[in-house]
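Structure file final_23.pdb (PDB, C-alpha atoms) is printed below.
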```
ATOM      1  CA  MET A  26      73.851  98.977 134.991
ATOM      2  CA  ASN A  27      74.910  97.789 138.435
ATOM      3  CA  VAL A  28      78.150  99.302 139.689
ATOM      4  CA  ASP A  29      80.370  97.386 142.119
ATOM      5  CA  PHE A  30      81.597 100.299 144.228
ATOM      6  CA  LYS A  31      83.625  98.063 146.534
ATOM      7  CA  ALA A  32      85.545  96.744 143.531
ATOM      8  CA  LEU A  33      86.151 100.280 142.292
ATOM      9  CA  ALA A  34      87.406 101.282 145.742
ATOM     10  CA  ARG A  35      89.674  98.257 145.882
ATOM     11  CA  ASP A  36      91.159  99.136 142.493
ATOM     12  CA  GLU A  37      91.690 102.755 143.585
ATOM     13  CA  ARG A  38      93.440 101.659 146.764
ATOM     14  CA  ALA A  39      95.603  99.246 144.807
ATOM     15  CA  ASP A  40      96.662 102.065 142.454
ATOM     16  CA  MET A  41      97.407 104.247 145.459
ATOM     17  CA  ALA A  42      99.516 101.514 147.080
ATOM     18  CA  ASP A  43     101.492 101.062 143.851
ATOM     19  CA  PHE A  44     102.140 104.805 143.765
ATOM     20  CA  LEU A  45     103.153 105.023 147.423
ATOM     21  CA  ALA A  46     105.676 102.256 146.847
ATOM     22  CA  THR A  47     107.561 104.609 144.502
ATOM     23  CA  LEU A  48     107.951 107.426 147.057
ATOM     24  CA  SER A  49     111.191 108.285 148.801
ATOM     25  CA  PRO A  50     111.349 108.666 152.609
ATOM     26  CA  ARG A  51     111.393 112.442 152.167
ATOM     27  CA  GLU A  52     108.271 112.325 149.987
ATOM     28  CA  TRP A  53     106.439 110.393 152.691
ATOM     29  CA  ASP A  54     106.967 113.475 154.886
ATOM     30  CA  THR A  55     105.758 115.942 152.224
ATOM     31  CA  ALA A  56     102.804 118.164 153.116
ATOM     32  CA  THR A  57      99.544 117.196 151.399
ATOM     33  CA  LEU A  58      96.398 119.140 150.573
ATOM     34  CA  CYS A  59      94.997 118.052 153.949
ATOM     35  CA  GLN A  60      96.054 120.887 156.224
ATOM     36  CA  GLY A  61      98.705 119.812 158.708
ATOM     37  CA  TRP A  62      98.983 116.272 157.345
ATOM     38  CA  ARG A  63     101.946 114.694 155.624
ATOM     39  CA  VAL A  64     101.663 111.820 153.163
ATOM     40  CA  ARG A  65     102.130 109.348 156.005
ATOM     41  CA  ASP A  66      99.322 110.986 157.990
ATOM     42  CA  VAL A  67      96.853 110.751 155.106
ATOM     43  CA  VAL A  68      97.603 107.045 154.651
ATOM     44  CA  ALA A  69      97.264 106.425 158.394
ATOM     45  CA  HIS A  70      93.956 108.299 158.427
ATOM     46  CA  MET A  71      92.547 106.098 155.677
ATOM     47  CA  ILE A  72      93.549 102.906 157.441
ATOM     48  CA  SER A  73      92.356 104.069 160.857
ATOM     49  CA  TYR A  74      88.664 103.743 159.973
ATOM     50  CA  GLU A  75      88.831 100.374 158.240
ATOM     51  CA  ASP A  76      88.170  98.100 161.190
ATOM     52  CA  LEU A  77      85.555 100.274 162.914
ATOM     53  CA  ASP A  78      81.909  99.259 163.011
ATOM     54  CA  ALA A  79      79.137 101.710 163.894
ATOM     55  CA  ALA A  80      79.856 101.406 167.618
ATOM     56  CA  GLY A  81      83.559 101.991 167.008
ATOM     57  CA  VAL A  82      82.850 105.136 165.025
ATOM     58  CA  LEU A  83      80.640 106.462 167.829
ATOM     59  CA  ARG A  84      83.341 105.756 170.423
ATOM     60  CA  ARG A  85      85.910 107.614 168.345
ATOM     61  CA  LEU A  86      83.584 110.568 167.884
ATOM     62  CA  ALA A  87      83.005 110.608 171.630
ATOM     63  CA  LYS A  88      86.764 110.701 172.247
ATOM     64  CA  GLY A  89      86.934 113.568 169.760
ATOM     65  CA  ARG A  90      84.166 115.396 171.614
ATOM     66  CA  LEU A  91      81.859 115.058 168.586
ATOM     67  CA  SER A  92      84.306 116.903 166.307
ATOM     68  CA  LEU A  93      85.215 115.034 163.131
ATOM     69  CA  ASN A  94      88.618 116.726 162.985
ATOM     70  CA  ARG A  95      89.430 115.744 166.567
ATOM     71  CA  ALA A  96      88.114 112.222 165.935
ATOM     72  CA  ASN A  97      90.478 111.951 162.968
ATOM     73  CA  GLU A  98      93.383 112.942 165.210
ATOM     74  CA  VAL A  99      92.340 110.271 167.715
ATOM     75  CA  GLY A 100      92.601 107.705 164.940
ATOM     76  CA  LEU A 101      95.996 108.993 163.808
ATOM     77  CA  ALA A 102      97.463 108.637 167.284
ATOM     78  CA  ASP A 103      97.610 104.847 166.915
ATOM     79  CA  TYR A 104      99.888 105.187 163.871
ATOM     80  CA  ARG A 105     102.405 107.803 165.053
ATOM     81  CA  ASP A 106     105.244 105.283 165.273
ATOM     82  CA  HIS A 107     104.513 103.472 162.003
ATOM     83  CA  THR A 108     107.156 103.703 159.308
ATOM     84  CA  PRO A 109     106.290 104.218 155.634
ATOM     85  CA  GLU A 110     106.906 100.517 155.145
ATOM     86  CA  ASP A 111     104.451  99.714 157.946
ATOM     87  CA  LEU A 112     101.812 102.039 156.519
ATOM     88  CA  LEU A 113     102.180 100.656 153.013
ATOM     89  CA  ALA A 114     101.814  97.118 154.350
ATOM     90  CA  ASP A 115      98.733  98.209 156.303
ATOM     91  CA  LEU A 116      97.174  99.729 153.191
ATOM     92  CA  LYS A 117      97.894  96.633 151.122
ATOM     93  CA  GLY A 118      96.215  94.613 153.860
ATOM     94  CA  HIS A 119      93.104  96.781 153.560
ATOM     95  CA  LEU A 120      92.564  96.958 149.815
ATOM     96  CA  GLN A 121      89.129  95.402 150.175
ATOM     97  CA  PRO A 122      86.862  97.883 152.018
ATOM     98  CA  ARG A 123      85.449  96.833 155.360
ATOM     99  CA  GLY A 124      83.889  98.434 158.394
ATOM    100  CA  LEU A 125      82.715 102.032 158.081
ATOM    101  CA  THR A 126      83.951 102.462 154.516
ATOM    102  CA  THR A 127      81.614  99.751 153.183
ATOM    103  CA  TRP A 128      78.590 101.894 153.986
ATOM    104  CA  LEU A 129      76.500 102.962 151.006
ATOM    105  CA  GLY A 130      77.752  99.990 149.066
ATOM    106  CA  GLY A 131      81.406 101.031 149.202
ATOM    107  CA  ARG A 132      80.881 104.553 147.880
ATOM    108  CA  ILE A 133      82.512 106.012 151.006
ATOM    109  CA  ALA A 134      85.626 103.927 150.459
ATOM    110  CA  LEU A 135      85.868 104.963 146.807
ATOM    111  CA  LEU A 136      85.418 108.683 147.445
ATOM    112  CA  ASP A 137      87.796 108.679 150.398
ATOM    113  CA  ALA A 138      90.521 106.840 148.491
ATOM    114  CA  MET A 139      90.231 108.940 145.346
ATOM    115  CA  VAL A 140      90.273 112.331 147.068
ATOM    116  CA  HIS A 141      93.117 111.391 149.398
ATOM    117  CA  HIS A 142      95.085 109.853 146.529
ATOM    118  CA  GLN A 143      94.940 113.224 144.789
ATOM    119  CA  ASP A 144      95.648 115.049 148.072
ATOM    120  CA  ILE A 145      98.996 113.285 147.956
ATOM    121  CA  ARG A 146      99.720 113.436 144.231
ATOM    122  CA  ARG A 147      98.961 117.106 143.574
ATOM    123  CA  PRO A 148     101.619 118.594 145.907
ATOM    124  CA  LEU A 149     104.155 116.094 144.582
ATOM    125  CA  GLY A 150     103.417 117.120 140.984
ATOM    126  CA  ARG A 151     102.529 113.550 140.027
ATOM    127  CA  PRO A 152      99.328 113.565 137.911
ATOM    128  CA  ARG A 153      97.806 110.358 136.584
ATOM    129  CA  ASP A 154      95.139 108.991 134.291
ATOM    130  CA  ILE A 155      92.109 108.073 136.414
ATOM    131  CA  SER A 156      89.503 105.491 135.486
ATOM    132  CA  PRO A 157      86.440 107.344 134.094
ATOM    133  CA  GLU A 158      84.137 104.871 135.850
ATOM    134  CA  ARG A 159      85.721 105.643 139.213
ATOM    135  CA  LEU A 160      85.616 109.384 138.571
ATOM    136  CA  ARG A 161      81.919 109.379 137.670
ATOM    137  CA  ALA A 162      81.032 107.402 140.778
ATOM    138  CA  ALA A 163      83.178 109.562 143.057
ATOM    139  CA  LEU A 164      81.793 112.818 141.630
ATOM    140  CA  SER A 165      78.205 111.750 142.215
ATOM    141  CA  MET A 166      79.013 110.672 145.773
ATOM    142  CA  ALA A 167      80.906 113.888 146.493
ATOM    143  CA  LEU A 168      77.744 115.903 145.923
ATOM    144  CA  VAL A 169      75.902 114.137 148.756
ATOM    145  CA  ALA A 170      78.606 113.028 151.238
ATOM    146  CA  PRO A 171      78.055 115.093 154.438
ATOM    147  CA  PRO A 172      81.652 115.078 155.773
ATOM    148  CA  ILE A 173      83.087 116.949 152.774
ATOM    149  CA  ARG A 174      80.171 119.420 152.494
ATOM    150  CA  GLY A 175      80.043 118.993 148.729
ATOM    151  CA  PHE A 176      76.327 119.691 148.552
ATOM    152  CA  TRP A 177      76.802 123.060 150.264
ATOM    153  CA  ARG A 178      79.621 124.103 147.928
ATOM    154  CA  ALA A 179      77.810 123.001 144.759
ATOM    155  CA  ARG A 180      74.315 124.277 145.559
ATOM    156  CA  GLY A 181      72.876 126.464 142.808
ATOM    157  CA  LEU A 182      75.584 125.405 140.361
ATOM    158  CA  ARG A 183      75.646 123.103 137.357
ATOM    159  CA  LEU A 184      78.891 121.152 137.257
ATOM    160  CA  VAL A 185      79.978 119.738 133.903
ATOM    161  CA  ALA A 186      83.057 117.631 133.241
ATOM    162  CA  THR A 187      84.791 118.479 129.981
ATOM    163  CA  ASP A 188      86.755 115.235 129.670
ATOM    164  CA  LEU A 189      84.083 112.631 130.417
ATOM    165  CA  ASP A 190      80.313 112.253 130.335
ATOM    166  CA  TRP A 191      79.249 113.596 133.734
ATOM    167  CA  SER A 192      77.246 116.532 135.014
ATOM    168  CA  GLY A 193      75.378 117.376 138.187
ATOM    169  CA  GLY A 194      73.290 120.090 139.765
ATOM    170  CA  ARG A 195      71.406 123.074 138.409
ATOM    171  CA  GLY A 196      72.276 126.729 138.103
ATOM    172  CA  GLN A 197      75.292 128.674 136.919
ATOM    173  CA  LEU A 198      77.758 126.630 134.911
ATOM    174  CA  VAL A 199      81.095 125.463 136.298
ATOM    175  CA  SER A 200      83.075 123.295 133.895
ATOM    176  CA  GLY A 201      86.468 121.687 133.694
ATOM    177  CA  PRO A 202      88.359 118.396 134.057
ATOM    178  CA  ALA A 203      86.527 115.803 136.126
ATOM    179  CA  GLU A 204      89.386 115.416 138.614
ATOM    180  CA  SER A 205      89.489 119.171 139.202
ATOM    181  CA  LEU A 206      85.725 119.240 139.735
ATOM    182  CA  LEU A 207      85.997 116.435 142.269
ATOM    183  CA  MET A 208      88.761 118.123 144.233
ATOM    184  CA  ALA A 209      86.955 121.479 144.160
ATOM    185  CA  ILE A 210      83.752 119.873 145.462
ATOM    186  CA  ALA A 211      85.891 118.375 148.220
ATOM    187  CA  GLY A 212      87.104 121.877 149.133
ATOM    188  CA  ARG A 213      90.627 121.915 147.694
ATOM    189  CA  PRO A 214      91.417 125.543 146.716
ATOM    190  CA  GLY A 215      93.953 124.903 143.945
ATOM    191  CA  ALA A 216      91.561 122.732 141.964
ATOM    192  CA  VAL A 217      88.932 125.444 141.557
ATOM    193  CA  GLN A 218      91.431 127.599 139.669
ATOM    194  CA  GLN A 219      91.412 124.945 136.923
ATOM    195  CA  LEU A 220      87.677 125.402 136.346
ATOM    196  CA  ASP A 221      85.759 127.872 134.183
ATOM    197  CA  GLY A 222      82.260 129.267 133.793
ATOM    198  CA  PRO A 223      80.070 131.954 135.333
ATOM    199  CA  GLY A 224      79.631 129.918 138.530
ATOM    200  CA  GLN A 225      83.361 129.463 139.134
ATOM    201  CA  PRO A 226      83.760 132.572 141.348
ATOM    202  CA  THR A 227      80.885 131.392 143.538
ATOM    203  CA  LEU A 228      82.434 127.969 143.994
ATOM    204  CA  ALA A 229      85.838 129.534 144.688
ATOM    205  CA  ALA A 230      84.365 131.824 147.351
ATOM    206  CA  ARG A 231      82.683 128.915 149.087
ATOM    207  CA  ILE A 232      85.937 126.972 149.203
ATOM    208  CA  ARG A 233      87.756 129.894 150.818
ATOM    209  CA  ARG A 234      85.294 130.022 153.723
TER
END
```

Show me the file's structure as structure tokens.
Amino acid sequence: MNVDFKALARDERADMADFLATLSPREWDTATLCQGWRVRDVVAHMISYEDLDAAGVLRRLAKGRLSLNRANEVGLADYRDHTPEDLLADLKGHLQPRGLTTWLGGRIALLDAMVHHQDIRRPLGRPRDISPERLRAALSMALVAPPIRGFWRARGLRLVATDLDWSGGRGQLVSGPAESLLMAIAGRPGAVQQLDGPGQPTLAARIRR
């Protein structure tokens, strides 16, 4: 079955925009799971890569002295003065992936949106029901996406979702809700505590490094 990853990413971004529209000004300044970033910073980060082609990405990396973290900060600098209303309008104007995030058929856009959506929701205590189709696609991408180092964290482990039909890898078992697996693969410490199995301590140790 062919999967339209760009459509899945667009739907995820639309859900995120609907959620952001419910936040108070104080919530927009709440710390997220991305260290040092508030809600507004995470949204700005997502938008900042949308209009970059390959050359634009290379220029940003050069400005960041080949550090992804510094390159991300370079992108954020253009949005420092944007209000929550501005950022929400920007996100709504970028629901359809373009630029860098369309690479790999839109898988980058889907994974980025889903992880960052949860980076915002978890600290606010606002869980949600996530589309199983989006979760399966994001989990599979998370295992191979270099920037989040999911392959390194999951090596030698068999990950099994307990609430949908998905598994990946080989080795010691780590099981739990699909969303928690995704966030643990992405390196979020709190999520790994919601997982079980003989491989859970190994995954937890890798996230702490």

Translate the PyMOL selection byres ((chain A and resi 102) around 12) into a concrete residue list for this structure, as a PyMOL selection string.
chain A and resi 66+69-70+73+85+88-89+95-101+103-107

So that I can check the surroundings of Gly130 (chain A), please list as a ChimeraX atom specification every protein, DNA and RNA residue that reaches within 8 Å of it, counting only C-alpha atoms and ignoring chain neighbours fewer than 3 positions away.
/A:29-31,127,133

Around the point (78.2, 129.0, 154.0) (coordinates from the file), which residues reach within 8 Å if we count all atoms listed in the file? Answer as a ChimeraX atom specification.
/A:177-178,231,234

State, in Å with one decimal place, the distance from CA of Ala167 (chain A) to CA of His119 (chain A).
22.2 Å

Which residues are near Ala34 (chain A)? Cut-off 9 Å, only C-alpha atoms, ignore same chain within fewer than 5 positions. Put them as a ChimeraX atom specification.
/A:29,39,120-122,131-139,159

Between CA of Pro157 (chain A) and CA of Leu33 (chain A) - distance in Å to one decimal:
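The value is 10.8 Å.
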
Residue nearest Arg123 (chain A) - candidates A:Glu158, A:Asp76, A:Glu204, A:Asp111, atoms counted: only C-alpha atoms
A:Asp76

Pick from A:Met166, A:Val199, A:Ile72, A:Leu184 nearest to Pro223 (chain A), counting all atoms listed in the file:
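That would be A:Val199, the residue with the smallest distance to Pro223 (chain A).
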
Show me the residues around (80.1, 123.0, 129.4) - criterion: an atom at most 12 Å away, only C-alpha atoms counted - as number ranges by chain.
A: 183-193, 197-203, 220-224

Region 113-117 of chain A: which residues within 10 Å, counting only C-alpha atoms, same-chain residues fewer than 5 positions away excluded, as a PyMOL selection string?
chain A and resi 35+38-39+41-43+45-46+65+68-69+71-73+75+107-108

For the residues selected in the previous step, produce a file with C-alpha atoms as a CSV table (one decimal), in the frame of the given file.
```csv
chain,number,residue,atom,x,y,z
A,35,ARG,CA,89.7,98.3,145.9
A,38,ARG,CA,93.4,101.7,146.8
A,39,ALA,CA,95.6,99.2,144.8
A,41,MET,CA,97.4,104.2,145.5
A,42,ALA,CA,99.5,101.5,147.1
A,43,ASP,CA,101.5,101.1,143.9
A,45,LEU,CA,103.2,105.0,147.4
A,46,ALA,CA,105.7,102.3,146.8
A,65,ARG,CA,102.1,109.3,156.0
A,68,VAL,CA,97.6,107.0,154.7
A,69,ALA,CA,97.3,106.4,158.4
A,71,MET,CA,92.5,106.1,155.7
A,72,ILE,CA,93.5,102.9,157.4
A,73,SER,CA,92.4,104.1,160.9
A,75,GLU,CA,88.8,100.4,158.2
A,107,HIS,CA,104.5,103.5,162.0
A,108,THR,CA,107.2,103.7,159.3
```

For Gly196 (chain A), the nearest of the candidates A:Leu228, A:Leu160, A:Ala209, A:Ile173, counting all atoms listed in the file
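Of A:Leu228, A:Leu160, A:Ala209, A:Ile173, the one nearest Gly196 (chain A), counting all atoms listed in the file, is A:Leu228.
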
State, in Å with one decimal place, the distance from CA of Arg147 (chain A) to CA of Trp128 (chain A).
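Those two atoms sit 27.5 Å apart.
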
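Remark: for Pro172 (chain A), the closest of the candidate residues A:Leu93, A:Gln218, A:Ala229, A:Gly118 is A:Leu93 (distances computed over all atoms listed in the file).
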
For a quick check of understanding, using only C-alpha atoms, which of A:Ala162, A:Leu129, A:Ile232, A:Val64 has the smallest distance to Gly215 (chain A)?
A:Ile232

I need the output of the PyMOL selection byres ((chain A and resi 146) around 12) for this file as a PyMOL selection string; which residues are they?
chain A and resi 40-41+44-45+47-48+52-53+55-59+63-64+67+139-145+147-154+204+208

Of the residues A:Arg84, A:Arg195, A:Arg180, A:Arg174, which is the one nearest to Gly212 (chain A), using only C-alpha atoms?
A:Arg174

Box centre and edge lengths (Å, one decimal), axis-aligned, region 206-212 of chain A plus 5 Å each side, as JSON:
```
{"center_x": 86.3, "center_y": 119.2, "center_z": 144.4, "size_x": 15.0, "size_y": 15.4, "size_z": 19.4}
```

Taking the structure in the block just given, could you write region 117-135 of chain A with N, CA, C and O atoms, as a JSON list (two decimals), in the first residue's frame?
```
[["chain", "number", "residue", "atom", "x", "y", "z"],
["A", 117, "LYS", "N", 0.14, 27.84, 9.94],
["A", 117, "LYS", "CA", -1.01, 27.57, 9.09],
["A", 117, "LYS", "C", -0.68, 27.81, 7.61],
["A", 117, "LYS", "O", -1.28, 27.18, 6.73],
["A", 118, "GLY", "N", 0.26, 28.71, 7.37],
["A", 118, "GLY", "CA", 0.69, 28.96, 5.99],
["A", 118, "GLY", "C", 1.68, 27.94, 5.47],
["A", 118, "GLY", "O", 2.06, 27.99, 4.29],
["A", 119, "HIS", "N", 2.10, 27.02, 6.35],
["A", 119, "HIS", "CA", 3.06, 25.99, 5.96],
["A", 119, "HIS", "C", 2.55, 24.59, 6.30],
["A", 119, "HIS", "O", 3.33, 23.71, 6.65],
["A", 120, "LEU", "N", 1.26, 24.38, 6.20],
["A", 120, "LEU", "CA", 0.73, 23.05, 6.49],
["A", 120, "LEU", "C", 1.23, 22.03, 5.48],
["A", 120, "LEU", "O", 1.55, 20.90, 5.83],
["A", 121, "GLN", "N", 1.29, 22.43, 4.22],
["A", 121, "GLN", "CA", 1.80, 21.52, 3.19],
["A", 121, "GLN", "C", 3.33, 21.57, 3.20],
["A", 121, "GLN", "O", 3.91, 22.64, 3.03],
["A", 122, "PRO", "N", 4.00, 20.44, 3.44],
["A", 122, "PRO", "CA", 5.47, 20.45, 3.49],
["A", 122, "PRO", "C", 6.09, 20.96, 2.19],
["A", 122, "PRO", "O", 5.58, 20.73, 1.09],
["A", 123, "ARG", "N", 7.21, 21.66, 2.36],
["A", 123, "ARG", "CA", 7.98, 22.11, 1.20],
["A", 123, "ARG", "C", 9.44, 22.27, 1.63],
["A", 123, "ARG", "O", 9.75, 22.22, 2.81],
["A", 124, "GLY", "N", 10.30, 22.44, 0.66],
["A", 124, "GLY", "CA", 11.71, 22.60, 0.99],
["A", 124, "GLY", "C", 12.31, 21.33, 1.59],
["A", 124, "GLY", "O", 11.99, 20.21, 1.20],
["A", 125, "LEU", "N", 13.18, 21.54, 2.58],
["A", 125, "LEU", "CA", 13.90, 20.43, 3.21],
["A", 125, "LEU", "C", 12.98, 19.33, 3.71],
["A", 125, "LEU", "O", 13.29, 18.14, 3.59],
["A", 126, "THR", "N", 11.84, 19.71, 4.28],
["A", 126, "THR", "CA", 11.00, 18.71, 4.94],
["A", 126, "THR", "C", 10.28, 17.78, 3.97],
["A", 126, "THR", "O", 9.67, 16.81, 4.39],
["A", 127, "THR", "N", 10.35, 18.05, 2.67],
["A", 127, "THR", "CA", 9.74, 17.15, 1.69],
["A", 127, "THR", "C", 10.67, 16.00, 1.33],
["A", 127, "THR", "O", 10.25, 15.06, 0.64],
["A", 128, "TRP", "N", 11.91, 16.05, 1.79],
["A", 128, "TRP", "CA", 12.85, 14.98, 1.48],
["A", 128, "TRP", "C", 12.32, 13.65, 2.01],
["A", 128, "TRP", "O", 11.59, 13.61, 2.98],
["A", 129, "LEU", "N", 12.71, 12.59, 1.33],
["A", 129, "LEU", "CA", 12.26, 11.24, 1.67],
["A", 129, "LEU", "C", 10.74, 11.15, 1.61],
["A", 129, "LEU", "O", 10.10, 10.49, 2.43],
["A", 130, "GLY", "N", 10.17, 11.84, 0.66],
["A", 130, "GLY", "CA", 8.74, 11.74, 0.41],
["A", 130, "GLY", "C", 7.86, 12.41, 1.43],
["A", 130, "GLY", "O", 6.65, 12.17, 1.46],
["A", 131, "GLY", "N", 8.44, 13.25, 2.29],
["A", 131, "GLY", "CA", 7.66, 13.91, 3.34],
["A", 131, "GLY", "C", 7.79, 13.26, 4.69],
["A", 131, "GLY", "O", 7.20, 13.72, 5.67],
["A", 132, "ARG", "N", 8.60, 12.20, 4.78],
["A", 132, "ARG", "CA", 8.78, 11.52, 6.07],
["A", 132, "ARG", "C", 9.42, 12.45, 7.10],
["A", 132, "ARG", "O", 9.11, 12.38, 8.29],
["A", 133, "ILE", "N", 10.35, 13.30, 6.65],
["A", 133, "ILE", "CA", 11.00, 14.23, 7.58],
["A", 133, "ILE", "C", 9.97, 15.17, 8.18],
["A", 133, "ILE", "O", 9.97, 15.43, 9.39],
["A", 134, "ALA", "N", 9.09, 15.69, 7.35],
["A", 134, "ALA", "CA", 8.07, 16.61, 7.84],
["A", 134, "ALA", "C", 7.15, 15.93, 8.86],
["A", 134, "ALA", "O", 6.80, 16.52, 9.89],
["A", 135, "LEU", "N", 6.77, 14.69, 8.59],
["A", 135, "LEU", "CA", 5.88, 13.97, 9.49],
["A", 135, "LEU", "C", 6.56, 13.72, 10.83],
["A", 135, "LEU", "O", 5.97, 13.99, 11.89]]
```
